[in-house]
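Dumped final-v5.cif below, it's mmCIF, C-alpha atoms and all ligand atoms:
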data_final
#
loop_
_atom_site.label_atom_id
_atom_site.label_comp_id
_atom_site.auth_asym_id
_atom_site.auth_seq_id
_atom_site.Cartn_x
_atom_site.Cartn_y
_atom_site.Cartn_z
CA MET A 1 1.60 -50.68 -23.93
CA SER A 2 -1.18 -52.24 -25.99
CA SER A 3 -0.46 -55.02 -28.46
CA THR A 4 -2.07 -55.72 -31.82
CA VAL A 5 -1.98 -58.84 -33.97
CA ILE A 6 -2.44 -58.63 -37.73
CA SER A 7 -3.51 -62.14 -38.60
CA ASN A 8 -4.87 -64.13 -41.54
CA ILE A 9 -1.98 -62.93 -43.77
CA ALA A 10 -1.77 -65.18 -46.86
CA THR A 11 1.88 -64.28 -47.56
CA LEU A 12 4.13 -62.41 -45.15
CA VAL A 13 7.46 -61.02 -46.36
CA THR A 14 9.79 -60.80 -43.34
CA ASN A 15 13.17 -60.38 -45.12
CA ASP A 16 14.54 -62.59 -42.34
CA PRO A 17 15.94 -65.81 -43.88
CA SER A 18 15.74 -67.56 -40.51
CA LEU A 19 11.94 -67.30 -40.66
CA GLY A 20 9.41 -69.12 -42.83
CA ASP A 21 10.68 -70.70 -46.03
CA CYS A 22 14.33 -69.74 -45.40
CA SER A 23 14.51 -67.72 -48.64
CA SER A 24 15.98 -64.21 -48.53
CA LEU A 25 12.41 -62.90 -48.31
CA GLY A 26 11.75 -65.19 -45.32
CA LEU A 27 8.20 -65.88 -46.55
CA VAL A 28 5.66 -67.14 -44.01
CA ARG A 29 2.29 -68.47 -45.25
CA ASP A 30 -0.92 -68.12 -43.19
CA ALA A 31 1.00 -65.70 -41.05
CA ALA A 32 0.54 -63.15 -38.30
CA VAL A 33 2.55 -60.18 -37.03
CA VAL A 34 2.30 -58.86 -33.47
CA ILE A 35 3.01 -55.18 -32.86
CA GLU A 36 3.69 -53.64 -29.46
CA GLY A 37 4.25 -49.89 -29.37
CA ASP A 38 6.36 -48.98 -32.39
CA ARG A 39 8.00 -52.40 -32.78
CA VAL A 40 7.34 -55.86 -34.14
CA VAL A 41 7.49 -58.33 -31.25
CA TRP A 42 6.45 -61.57 -32.94
CA THR A 43 6.01 -63.05 -36.43
CA GLY A 44 4.97 -66.58 -37.40
CA GLU A 45 2.05 -68.77 -38.35
CA SER A 46 -1.36 -67.29 -37.45
CA SER A 47 -2.37 -70.38 -35.48
CA LYS A 48 0.55 -69.88 -33.09
CA ALA A 49 0.16 -66.15 -32.50
CA PRO A 50 0.18 -65.07 -28.83
CA ALA A 51 -2.83 -63.35 -27.24
CA THR A 52 -3.03 -59.58 -27.83
CA ASP A 53 -5.26 -56.64 -26.91
CA ASN A 54 -6.36 -55.90 -30.48
CA ARG A 55 -6.74 -57.87 -33.68
CA VAL A 56 -6.74 -56.83 -37.35
CA ASP A 57 -7.88 -59.37 -39.96
CA ALA A 58 -5.70 -59.13 -43.08
CA GLY A 59 -8.38 -61.06 -44.98
CA GLY A 60 -6.03 -63.48 -46.74
CA ARG A 61 -3.91 -60.74 -48.25
CA ALA A 62 -0.15 -60.07 -48.32
CA VAL A 63 1.91 -58.03 -45.85
CA LEU A 64 5.45 -56.83 -46.42
CA PRO A 65 7.82 -54.33 -44.81
CA GLY A 66 7.08 -50.71 -45.68
CA PHE A 67 9.14 -49.58 -48.66
CA VAL A 68 12.45 -47.85 -47.90
CA ASP A 69 12.92 -45.18 -50.56
CA SER A 70 16.61 -44.38 -50.09
CA HIS A 71 16.93 -41.76 -52.85
CA SER A 72 14.67 -38.76 -53.49
CA HIS A 73 14.90 -35.01 -54.08
CA LEU A 74 11.74 -33.59 -52.52
CA VAL A 75 12.67 -30.10 -51.35
CA PHE A 76 11.87 -28.12 -54.48
CA ALA A 77 9.36 -25.74 -56.03
CA GLY A 78 7.90 -25.50 -59.51
CA ASP A 79 7.57 -28.30 -62.04
CA ARG A 80 9.06 -29.18 -65.40
CA THR A 81 6.03 -30.39 -67.32
CA GLU A 82 7.07 -28.48 -70.45
CA GLU A 83 10.53 -30.01 -70.46
CA PHE A 84 9.12 -33.54 -70.07
CA ASN A 85 6.50 -32.95 -72.73
CA ALA A 86 9.08 -31.63 -75.19
CA ARG A 87 11.44 -34.56 -74.52
CA MET A 88 8.69 -37.13 -75.00
CA SER A 89 7.38 -35.32 -78.10
CA GLY A 90 10.76 -35.18 -79.82
CA ARG A 91 10.90 -31.40 -79.66
CA PRO A 92 14.02 -29.47 -78.77
CA TYR A 93 13.88 -27.81 -75.38
CA SER A 94 16.38 -25.24 -74.27
CA ALA A 95 15.40 -24.29 -70.71
CA GLY A 96 17.88 -24.95 -67.99
CA GLY A 97 16.99 -28.37 -66.52
CA ILE A 98 18.06 -28.40 -62.87
CA ARG A 99 18.65 -24.63 -63.04
CA THR A 100 14.92 -24.11 -63.65
CA THR A 101 14.15 -25.89 -60.39
CA VAL A 102 16.93 -24.01 -58.58
CA ALA A 103 15.40 -20.65 -59.57
CA ALA A 104 11.89 -21.72 -58.47
CA THR A 105 13.18 -23.20 -55.20
CA ARG A 106 15.15 -20.10 -54.26
CA ALA A 107 12.07 -17.95 -54.93
CA ALA A 108 9.73 -20.09 -52.80
CA SER A 109 8.89 -19.42 -49.16
CA ASP A 110 9.67 -21.94 -46.44
CA ALA A 111 5.95 -22.65 -46.15
CA GLU A 112 5.63 -23.36 -49.87
CA LEU A 113 8.61 -25.71 -49.88
CA GLU A 114 7.39 -27.58 -46.82
CA ALA A 115 3.86 -27.89 -48.18
CA ASN A 116 5.23 -29.37 -51.40
CA LEU A 117 7.47 -31.77 -49.47
CA THR A 118 4.58 -32.90 -47.25
CA ARG A 119 2.33 -33.42 -50.26
CA HIS A 120 4.85 -35.77 -51.87
CA LEU A 121 5.50 -37.62 -48.62
CA THR A 122 1.78 -38.23 -48.18
CA GLU A 123 1.60 -39.44 -51.76
CA ALA A 124 4.50 -41.85 -51.11
CA LEU A 125 2.98 -43.10 -47.85
CA ARG A 126 -0.26 -43.96 -49.64
CA GLN A 127 1.84 -46.12 -51.95
CA GLY A 128 3.48 -48.00 -49.08
CA THR A 129 6.67 -46.00 -48.41
CA THR A 130 7.40 -45.74 -44.68
CA THR A 131 11.00 -44.48 -44.77
CA PHE A 132 12.46 -41.99 -47.17
CA GLU A 133 15.75 -40.26 -47.67
CA THR A 134 15.74 -36.82 -49.25
CA LYS A 135 18.35 -34.33 -50.38
CA SER A 136 19.09 -30.67 -50.79
CA GLY A 137 20.55 -29.64 -54.15
CA TYR A 138 18.12 -27.07 -55.56
CA GLY A 139 19.37 -24.15 -53.45
CA LEU A 140 23.09 -24.07 -54.28
CA THR A 141 23.75 -21.13 -51.95
CA THR A 142 24.76 -21.59 -48.34
CA GLU A 143 21.46 -20.21 -47.06
CA ASP A 144 19.23 -22.07 -49.51
CA GLU A 145 20.97 -25.42 -49.00
CA ALA A 146 20.82 -25.11 -45.21
CA ARG A 147 17.15 -24.14 -45.45
CA ALA A 148 16.32 -27.22 -47.56
CA LEU A 149 18.03 -29.52 -45.06
CA ARG A 150 16.33 -27.88 -42.09
CA LEU A 151 12.93 -28.41 -43.73
CA ALA A 152 13.73 -32.01 -44.69
CA ALA A 153 14.96 -32.83 -41.17
CA ARG A 154 11.49 -32.03 -39.78
CA HIS A 155 10.17 -35.04 -41.70
CA THR A 156 12.95 -37.64 -41.85
CA ASP A 157 16.23 -38.64 -40.18
CA GLU A 158 17.69 -39.57 -43.57
CA VAL A 159 18.75 -36.14 -44.80
CA THR A 160 21.48 -35.69 -47.41
CA PHE A 161 23.51 -32.58 -48.22
CA LEU A 162 23.80 -32.35 -52.02
CA GLY A 163 25.29 -28.89 -52.49
CA ALA A 164 27.39 -30.56 -55.21
CA HIS A 165 24.37 -31.32 -57.43
CA ILE A 166 25.52 -28.99 -60.22
CA VAL A 167 27.81 -25.97 -60.15
CA ALA A 168 25.69 -23.01 -58.97
CA PRO A 169 24.87 -20.61 -61.82
CA GLU A 170 26.82 -17.82 -60.08
CA TYR A 171 29.96 -19.95 -60.35
CA ALA A 172 29.50 -21.06 -63.97
CA GLY A 173 33.00 -19.81 -64.88
CA ASP A 174 34.62 -20.94 -61.63
CA PRO A 175 33.76 -24.53 -60.69
CA ALA A 176 36.81 -24.74 -58.39
CA GLY A 177 35.46 -21.74 -56.50
CA TYR A 178 32.12 -23.50 -56.10
CA VAL A 179 33.79 -26.65 -54.75
CA ASP A 180 35.59 -24.43 -52.22
CA LEU A 181 32.21 -23.02 -51.15
CA VAL A 182 30.60 -26.47 -50.89
CA THR A 183 33.50 -27.90 -48.87
CA GLY A 184 33.84 -24.74 -46.73
CA PRO A 185 31.14 -22.35 -45.51
CA MET A 186 28.23 -24.25 -47.10
CA LEU A 187 29.28 -27.52 -45.48
CA ASP A 188 29.69 -25.78 -42.11
CA ALA A 189 26.13 -24.45 -42.35
CA CYS A 190 24.62 -27.69 -43.64
CA ALA A 191 26.38 -30.45 -41.69
CA PRO A 192 24.32 -29.97 -38.48
CA HIS A 193 21.09 -30.74 -40.38
CA ALA A 194 22.22 -33.80 -42.38
CA ARG A 195 23.35 -37.39 -41.93
CA TRP A 196 24.77 -37.90 -45.43
CA ILE A 197 26.82 -36.10 -48.05
CA ASP A 198 26.27 -36.74 -51.76
CA VAL A 199 27.78 -35.52 -55.03
CA PHE A 200 26.70 -35.82 -58.67
CA CYS A 201 29.89 -37.33 -60.14
CA GLU A 202 29.28 -37.01 -63.88
CA LYS A 203 30.53 -35.20 -66.97
CA GLY A 204 28.99 -31.72 -66.81
CA ALA A 205 28.63 -31.90 -63.02
CA PHE A 206 31.66 -32.85 -60.84
CA ASP A 207 34.69 -34.92 -61.88
CA GLY A 208 36.37 -37.58 -59.75
CA ASP A 209 38.81 -35.22 -58.03
CA GLN A 210 36.08 -32.69 -57.21
CA ALA A 211 33.77 -35.46 -55.97
CA ARG A 212 36.52 -36.84 -53.75
CA ALA A 213 37.14 -33.36 -52.29
CA VAL A 214 33.42 -32.94 -51.51
CA LEU A 215 32.99 -36.36 -49.92
CA THR A 216 36.16 -36.27 -47.83
CA ALA A 217 35.31 -32.78 -46.55
CA GLY A 218 31.86 -34.05 -45.60
CA ARG A 219 33.33 -37.06 -43.85
CA ALA A 220 35.59 -34.80 -41.80
CA LYS A 221 32.41 -33.06 -40.58
CA GLY A 222 30.79 -36.35 -39.57
CA LEU A 223 28.64 -36.89 -42.70
CA HIS A 224 28.70 -40.26 -44.40
CA PRO A 225 29.12 -40.50 -48.20
CA ARG A 226 26.69 -41.59 -50.90
CA VAL A 227 27.29 -40.85 -54.59
CA HIS A 228 25.29 -40.17 -57.77
CA ALA A 229 27.51 -42.39 -59.92
CA ASN A 230 27.72 -43.61 -63.51
CA GLN A 231 24.23 -42.46 -64.52
CA LEU A 232 24.81 -40.89 -67.93
CA SER A 233 28.24 -42.29 -68.80
CA TYR A 234 31.12 -44.42 -67.59
CA GLY A 235 33.23 -42.66 -64.98
CA PRO A 236 34.99 -42.75 -61.64
CA GLY A 237 31.90 -42.41 -59.39
CA VAL A 238 31.32 -46.05 -58.48
CA ARG A 239 34.94 -46.81 -57.67
CA LEU A 240 35.21 -43.62 -55.62
CA ALA A 241 32.07 -44.65 -53.72
CA VAL A 242 33.59 -48.03 -52.92
CA GLU A 243 36.97 -46.56 -52.01
CA LEU A 244 35.35 -44.15 -49.52
CA ASP A 245 33.01 -46.85 -48.14
CA ALA A 246 29.95 -44.91 -49.29
CA ALA A 247 26.70 -46.50 -48.14
CA SER A 248 25.41 -46.40 -51.71
CA ALA A 249 26.38 -45.73 -55.31
CA ASP A 250 23.20 -44.50 -56.98
CA HIS A 251 22.10 -44.99 -60.61
CA CYS A 252 24.89 -47.42 -61.74
CA THR A 253 23.58 -47.39 -65.31
CA HIS A 254 26.97 -47.46 -67.09
CA LEU A 255 29.27 -49.94 -65.39
CA THR A 256 32.53 -51.58 -66.46
CA ASP A 257 33.39 -55.07 -65.22
CA ALA A 258 35.78 -53.41 -62.74
CA ASP A 259 32.90 -51.28 -61.39
CA VAL A 260 30.72 -54.35 -60.92
CA ASP A 261 33.58 -56.24 -59.20
CA ALA A 262 34.25 -53.28 -56.92
CA LEU A 263 30.59 -53.16 -55.82
CA ALA A 264 30.38 -56.95 -55.40
CA ASN A 265 33.43 -56.94 -53.12
CA SER A 266 32.29 -54.07 -50.91
CA ARG A 267 29.42 -53.15 -48.63
CA THR A 268 28.49 -50.22 -50.90
CA VAL A 269 24.96 -50.86 -52.16
CA ALA A 270 24.15 -50.35 -55.87
CA THR A 271 20.94 -48.30 -55.81
CA LEU A 272 19.05 -48.50 -59.10
CA LEU A 273 16.56 -45.77 -60.03
CA PRO A 274 14.55 -46.94 -63.04
CA GLY A 275 12.16 -43.99 -62.86
CA ALA A 276 15.01 -41.91 -64.30
CA GLU A 277 15.56 -44.19 -67.28
CA PHE A 278 11.81 -44.38 -67.84
CA SER A 279 11.38 -40.61 -67.81
CA THR A 280 14.34 -39.90 -70.07
CA ARG A 281 13.97 -42.92 -72.39
CA ALA A 282 17.48 -44.02 -71.45
CA ASP A 283 18.93 -47.54 -71.34
CA TRP A 284 18.05 -49.51 -68.21
CA PRO A 285 20.64 -50.36 -65.56
CA ASP A 286 21.49 -54.08 -65.62
CA ALA A 287 20.32 -55.36 -62.26
CA ARG A 288 20.86 -58.99 -63.29
CA ARG A 289 24.57 -58.42 -63.91
CA LEU A 290 25.00 -56.82 -60.48
CA LEU A 291 23.04 -59.53 -58.68
CA ASP A 292 24.86 -62.36 -60.45
CA ALA A 293 28.17 -60.79 -59.45
CA GLY A 294 27.05 -60.71 -55.81
CA ALA A 295 26.41 -56.99 -55.35
CA THR A 296 23.69 -55.75 -52.99
CA VAL A 297 21.02 -53.92 -55.00
CA ALA A 298 18.48 -51.37 -53.77
CA LEU A 299 15.57 -49.93 -55.76
CA SER A 300 14.37 -46.37 -55.22
CA THR A 301 12.33 -43.69 -56.96
CA ASP A 302 14.80 -40.79 -57.36
CA CYS A 303 11.62 -38.71 -57.10
CA ASN A 304 12.46 -35.26 -58.49
CA PRO A 305 10.68 -32.80 -60.79
CA GLY A 306 13.10 -33.17 -63.71
CA SER A 307 14.18 -36.71 -64.51
CA SER A 308 11.92 -39.00 -62.44
CA PHE A 309 8.74 -37.45 -61.12
CA THR A 310 7.32 -40.57 -59.51
CA SER A 311 6.97 -41.32 -55.81
CA SER A 312 5.82 -44.87 -56.53
CA VAL A 313 8.07 -47.70 -55.38
CA PRO A 314 5.59 -50.28 -56.78
CA PHE A 315 6.07 -48.68 -60.22
CA CYS A 316 9.85 -49.05 -59.87
CA ILE A 317 9.44 -52.70 -58.81
CA ALA A 318 7.39 -53.37 -61.95
CA LEU A 319 10.01 -51.71 -64.18
CA ALA A 320 12.85 -53.62 -62.52
CA VAL A 321 11.11 -56.94 -63.13
CA ARG A 322 10.05 -56.12 -66.67
CA ASP A 323 13.20 -54.46 -67.95
CA MET A 324 16.15 -54.95 -65.60
CA GLY A 325 16.23 -58.71 -65.19
CA MET A 326 15.10 -58.88 -61.57
CA THR A 327 12.75 -61.55 -60.28
CA PRO A 328 9.70 -60.28 -58.38
CA ASP A 329 11.23 -61.57 -55.13
CA GLU A 330 14.52 -59.75 -55.79
CA ALA A 331 12.77 -56.49 -56.66
CA VAL A 332 10.63 -56.57 -53.49
CA TRP A 333 13.73 -57.34 -51.39
CA SER A 334 15.64 -54.47 -53.02
CA ALA A 335 12.81 -51.99 -52.36
CA THR A 336 12.65 -52.91 -48.67
CA ALA A 337 15.74 -54.59 -47.17
CA GLY A 338 17.92 -53.25 -50.00
CA GLY A 339 16.84 -49.68 -49.29
CA ALA A 340 17.55 -50.23 -45.60
CA ALA A 341 21.06 -51.51 -46.47
CA ALA A 342 21.61 -48.40 -48.61
CA LEU A 343 20.88 -46.35 -45.47
CA ARG A 344 22.94 -48.69 -43.25
CA ARG A 345 19.84 -49.49 -41.21
CA THR A 346 18.79 -52.84 -39.71
CA ASP A 347 15.75 -51.59 -37.79
CA ILE A 348 13.65 -51.10 -40.96
CA GLY A 349 13.08 -53.07 -44.17
CA ARG A 350 12.29 -56.31 -42.33
CA LEU A 351 9.48 -57.66 -40.17
CA ALA A 352 11.09 -59.61 -37.37
CA PRO A 353 11.11 -59.08 -33.60
CA GLY A 354 12.88 -55.84 -32.73
CA ALA A 355 12.31 -54.10 -36.07
CA TYR A 356 10.12 -51.02 -36.35
CA ALA A 357 6.50 -51.89 -37.07
CA ASP A 358 6.55 -50.33 -40.55
CA LEU A 359 4.42 -52.50 -42.80
CA THR A 360 2.29 -52.46 -45.89
CA LEU A 361 -0.88 -54.50 -46.48
CA LEU A 362 -1.59 -55.25 -50.14
CA ASP A 363 -4.98 -55.77 -51.70
CA ALA A 364 -3.56 -58.99 -53.18
CA PRO A 365 -2.60 -62.42 -51.86
CA SER A 366 1.10 -62.12 -52.71
CA HIS A 367 3.91 -59.57 -53.02
CA VAL A 368 4.41 -60.83 -56.61
CA HIS A 369 1.30 -58.84 -57.58
CA LEU A 370 3.37 -55.64 -57.27
CA ALA A 371 4.98 -56.60 -60.60
CA TYR A 372 2.18 -58.82 -61.92
CA ARG A 373 -0.41 -56.00 -61.69
CA PRO A 374 1.58 -52.90 -62.70
CA GLY A 375 -0.05 -49.51 -62.24
CA VAL A 376 -2.82 -50.87 -60.01
CA PRO A 377 -3.18 -49.19 -56.59
CA LEU A 378 -2.65 -52.33 -54.49
CA VAL A 379 -1.73 -50.73 -51.17
CA ALA A 380 -4.65 -51.29 -48.79
CA GLY A 381 -3.05 -50.33 -45.49
CA VAL A 382 0.16 -48.83 -44.10
CA TRP A 383 1.45 -48.90 -40.52
CA ARG A 384 4.37 -46.70 -39.56
CA ARG A 385 6.01 -47.06 -36.15
CA GLY A 386 3.08 -49.23 -35.14
CA VAL A 387 0.42 -46.66 -36.07
CA ARG A 388 -1.98 -47.27 -38.94
CA GLU A 389 -1.69 -44.27 -41.28
CA VAL A 390 -3.47 -45.52 -44.41
ZN ZN B 1 19.13 -38.32 -57.61
#
Hey, can you dump this file as structure tokens for me?
Ligand SMILES: [Zn+2]
Amino acid sequence: MSSTVISNIATLVTNDPSLGDCSSLGLVRDAAVVIEGDRVVWTGESSKAPATDNRVDAGGRAVLPGFVDSHSHLVFAGDRTEEFNARMSGRPYSAGGIRTTVAATRAASDAELEANLTRHLTEALRQGTTTFETKSGYGLTTEDEARALRLAARHTDEVTFLGAHIVAPEYAGDPAGYVDLVTGPMLDACAPHARWIDVFCEKGAFDGDQARAVLTAGRAKGLHPRVHANQLSYGPGVRLAVELDAASADHCTHLTDADVDALANSRTVATLLPGAEFSTRADWPDARRLLDAGATVALSTDCNPGSSFTSSVPFCIALAVRDMGMTPDEAVWSATAGGAAALRRTDIGRLAPGAYADLTLLDAPSHVHLAYRPGVPLVAGVWRRGVREV
């Protein structure tokens, strides 16, 4: 197995507090990383790096773990440009939101859906994302949900069954009947293709009792819970997530003190998705409040064609620093190690011996530039599983 050293790194983010400056980012200056096969085998100061077969000169720039985007919706067809344009232009818009995407997705061929998925994954990779989670939720029939998960599973291990995204249009007058479908035949067809089960717990989607039924049924089939919680209003989603030991409560925009306490005293990660607030001109989630309480916070894109059509984790980092009270260090941690925690993974989101060699080289001397230089394409190189892909 050949080994490669990436040396002459001005600032290396390891996310291992036992390395470097002992901060949570585990920063090492004048650093090197040694890769063997798909793993990191050594990190430290460049001058102490062991001999290797190959050498890459980072040119005095920064290296950090590849971003872990733990929340996206990438199996879809069509787009919602008109809806976004109307919303941002103050014009009323009456088309069906998620239902528009459901109709387009059902009508698309497998090849069209997979081509769209691949296009967005390539786009994310170019921006430094090396792990992504993605969900079903635009099929809402047993066949269409299972198809979405099958396609997603060809590209990632982090696949989430979100049959409970909204009530399917065919069940508009019978939400209980739809929950029976999601927890019965649809779950049976979908569980083999997924690792996670998710539910949109919100007024107009699924209430606390329905969400509990969906998540417990999923758990009985070996899927682990994650929850779309407290995005548009206060509600039971976050506390349900904590009660069921969900890996993540996602959005967390409207939180009571009890919600914040529940997250802080659990291992459920609060995943914040500022692309959604940006694209809907909504109030920002309060990352500072969660961090000060001791909660673990992840940052992700929520990439989807309706409410957050960005695949850019650097953009979300910049928003989190500008508008959500995070420091640049906290935002970078949340987009790497935080995303890994939201997927209950320890083999990604850090650059220490044993971790996957998933790393991003910036065209900048420090990770702080991700917030300091918003909107600038700073990603100069991406390695995934030890292979340079960008
Ligand atoms: Zn979402």
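Using only C-alpha atoms, the shortest contact distance between Val269 of chain A and any of A:Lys135, A:Arg288, A:Lys48, A:Arg344 is found at A:Arg344.
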Write out as JSON lines the residues of chain A that have any atom within 8 Å of an atom of ligand ZN 1 (chain B), one row each with the nearest atom pair and its distance in Å to one decimal, counting only C-alpha atoms and all ligand atoms, sorted by chain and then rising number.
{"residue": "A:His71", "atom": "CA", "partner": "B:ZN1", "partner_atom": "ZN", "distance": 6.3}
{"residue": "A:Ser72", "atom": "CA", "partner": "B:ZN1", "partner_atom": "ZN", "distance": 6.1}
{"residue": "A:His73", "atom": "CA", "partner": "B:ZN1", "partner_atom": "ZN", "distance": 6.4}
{"residue": "A:His228", "atom": "CA", "partner": "B:ZN1", "partner_atom": "ZN", "distance": 6.4}
{"residue": "A:Asp250", "atom": "CA", "partner": "B:ZN1", "partner_atom": "ZN", "distance": 7.4}
{"residue": "A:His251", "atom": "CA", "partner": "B:ZN1", "partner_atom": "ZN", "distance": 7.9}
{"residue": "A:Asp302", "atom": "CA", "partner": "B:ZN1", "partner_atom": "ZN", "distance": 5.0}
{"residue": "A:Cys303", "atom": "CA", "partner": "B:ZN1", "partner_atom": "ZN", "distance": 7.5}
{"residue": "A:Asn304", "atom": "CA", "partner": "B:ZN1", "partner_atom": "ZN", "distance": 7.4}
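With only C-alpha atoms as the atoms that count, the residue of A:Ala380, A:Ala115, A:Ala258, A:Val159 with the shortest distance to Leu223 of chain A is A:Val159.
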Exercise for review: Write out as a list in words which residues come within 10 Å of Glu112 of chain A when counting only C-alpha atoms, dropping same-chain ones fewer than 4 positions away.
Suggested key: Val75, Phe76, Ala77, Thr105, Ala107, Ala108, Asn116, Leu117 and Thr118 of chain A
Rows by chain and residue number, segment 176-284 of chain A within 7 Å of segment 142-158 of chain A, shortest pair, all atoms listed in the file, as a tab-separated table:
residue	atom	partner	partner_atom	distance
A:Met186	CA	A:Thr142	CA	4.5
A:Ala189	CA	A:Ala146	CA	6.1
A:Cys190	CA	A:Ala146	CA	4.9
A:His193	CA	A:Leu149	CA	5.7
A:Ala194	CA	A:Leu149	CA	6.6
A:Arg195	CA	A:Glu158	CA	6.3
At a cut-off of 10 Å, using only C-alpha atoms, what residues contact Thr301 of chain A? Leave out same-chain residues fewer than 3 positions from it and give the result as a PDB file with C-alpha atoms, in the coordinates of the input.
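Saved as part_5.pdb:
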ATOM      1  CA  VAL A  68      12.450 -47.850 -47.900  1.00  0.00           C
ATOM      2  CA  ASP A  69      12.920 -45.180 -50.560  1.00  0.00           C
ATOM      3  CA  SER A  70      16.610 -44.380 -50.090  1.00  0.00           C
ATOM      4  CA  HIS A  71      16.930 -41.760 -52.850  1.00  0.00           C
ATOM      5  CA  SER A  72      14.670 -38.760 -53.490  1.00  0.00           C
ATOM      6  CA  HIS A  73      14.900 -35.010 -54.080  1.00  0.00           C
ATOM      7  CA  ALA A 124       4.500 -41.850 -51.110  1.00  0.00           C
ATOM      8  CA  PHE A 132      12.460 -41.990 -47.170  1.00  0.00           C
ATOM      9  CA  THR A 271      20.940 -48.300 -55.810  1.00  0.00           C
ATOM     10  CA  LEU A 272      19.050 -48.500 -59.100  1.00  0.00           C
ATOM     11  CA  LEU A 273      16.560 -45.770 -60.030  1.00  0.00           C
ATOM     12  CA  PRO A 274      14.550 -46.940 -63.040  1.00  0.00           C
ATOM     13  CA  GLY A 275      12.160 -43.990 -62.860  1.00  0.00           C
ATOM     14  CA  ALA A 276      15.010 -41.910 -64.300  1.00  0.00           C
ATOM     15  CA  ASN A 304      12.460 -35.260 -58.490  1.00  0.00           C
ATOM     16  CA  SER A 308      11.920 -39.000 -62.440  1.00  0.00           C
ATOM     17  CA  PHE A 309       8.740 -37.450 -61.120  1.00  0.00           C
ATOM     18  CA  THR A 310       7.320 -40.570 -59.510  1.00  0.00           C
ATOM     19  CA  SER A 311       6.970 -41.320 -55.810  1.00  0.00           C
ATOM     20  CA  SER A 312       5.820 -44.870 -56.530  1.00  0.00           C
ATOM     21  CA  VAL A 313       8.070 -47.700 -55.380  1.00  0.00           C
ATOM     22  CA  PRO A 314       5.590 -50.280 -56.780  1.00  0.00           C
ATOM     23  CA  PHE A 315       6.070 -48.680 -60.220  1.00  0.00           C
ATOM     24  CA  CYS A 316       9.850 -49.050 -59.870  1.00  0.00           C
ATOM     25  CA  ILE A 317       9.440 -52.700 -58.810  1.00  0.00           C
ATOM     26  CA  ALA A 335      12.810 -51.990 -52.360  1.00  0.00           C
TER      27      ALA A 335
END
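Taking only C-alpha atoms into account, Ala318 of chain A lies nearest to A:His369 out of the set A:Pro305, A:Leu361, A:Glu133, A:His369.
Nearest residue to Gly66 of chain A among A:Gly339, A:Gly177, A:Pro192, A:Gly90 is A:Gly339, counting all atoms listed in the file.
Residues surrounding Ala282 of chain A within 10 Å are A:Gln231, A:Leu232, A:Thr253, A:Pro274, A:Ala276, A:Glu277, A:Phe278, A:Ser279, A:Pro285 [all atoms listed in the file; sequence separation below 3 positions excluded].
Coordinates place atom CA of Thr327 of chain A at a distance of 29.3 Å from atom CA of Phe200 of chain A.
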Review point. Closest to Arg39 of chain A among A:His367, A:Arg385, A:Arg226, A:Arg267, using only C-alpha atoms?
Key: A:Arg385
Point to revise | Neighbour list for Ala337 of chain A as number ranges by chain, cut-off 9 Å, all atoms listed in the file, skip fewer than 6 positions in-chain | key: A: 15, 65, 67-68, 298, 345-346, 348-350
Keeping only C-alpha atoms, write those residues as a short mmCIF file (atom, residue, chain, number, x, y, z; two decimals), in the coordinates of the input.
data_model
loop_
_atom_site.label_atom_id
_atom_site.label_comp_id
_atom_site.auth_asym_id
_atom_site.auth_seq_id
_atom_site.Cartn_x
_atom_site.Cartn_y
_atom_site.Cartn_z
CA ASN A 15 13.17 -60.38 -45.12
CA PRO A 65 7.82 -54.33 -44.81
CA PHE A 67 9.14 -49.58 -48.66
CA VAL A 68 12.45 -47.85 -47.90
CA ALA A 298 18.48 -51.37 -53.77
CA ARG A 345 19.84 -49.49 -41.21
CA THR A 346 18.79 -52.84 -39.71
CA ILE A 348 13.65 -51.10 -40.96
CA GLY A 349 13.08 -53.07 -44.17
CA ARG A 350 12.29 -56.31 -42.33
#
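With all atoms listed in the file as the atoms that count, the minimum distance from Val382 of chain A to the choices A:Leu359, A:Ala342, A:Ala247, A:Val238 is reached by A:Leu359.
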Each residue of segment 264-373 of chain A with at least one atom at most 9 Å from segment 35-38 of chain A should appear once, together with its nearest atom pair and the corresponding distance in Å (one decimal); atoms considered: all atoms listed in the file; ordering: chain, then increasing residue number; output as CSV.
residue,atom,partner,partner_atom,distance
A:Ala355,CA,A:Asp38,CA,8.7
A:Tyr356,CA,A:Asp38,CA,5.8
A:Ala357,CA,A:Asp38,CA,5.5
A:Asp358,CA,A:Asp38,CA,8.3
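The spacing separating atom CA of Ser334 of chain A from atom CA of Leu299 of chain A amounts to 5.3 Å.
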Exercise for review: Rounded to one decimal place, report the atom CA of Ile166 of chain A-atom CA of Pro225 of chain A distance in Å.
Suggested key: 17.0 Å
Point to revise | Cut-off 6 Å around (32.8, -48.9, -54.2) with all atoms listed in the file: residues as a VMD selection string | key: chain A and resid 238 to 243 262 to 263 268
Review point. Could you pull the residues within 8 Å of Glu45 of chain A, counting only C-alpha atoms, minus those fewer than 4 positions along the same chain, as a VMD selection string?
Key: chain A and resid 28 to 32 49
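All protein and nucleic acid residues in the vicinity of (34.7, -24.8, -45.9), that is within 12 Å when counting all atoms listed in the file, are A:Thr142, A:Gly177, A:Tyr178, A:Val179, A:Asp180, A:Leu181, A:Val182, A:Thr183, A:Gly184, A:Pro185, A:Met186, A:Leu187, A:Asp188, A:Ala189, A:Cys190, A:Ala191, A:Ala213, A:Val214, A:Thr216, A:Ala217, A:Gly218, A:Ala220, A:Lys221.
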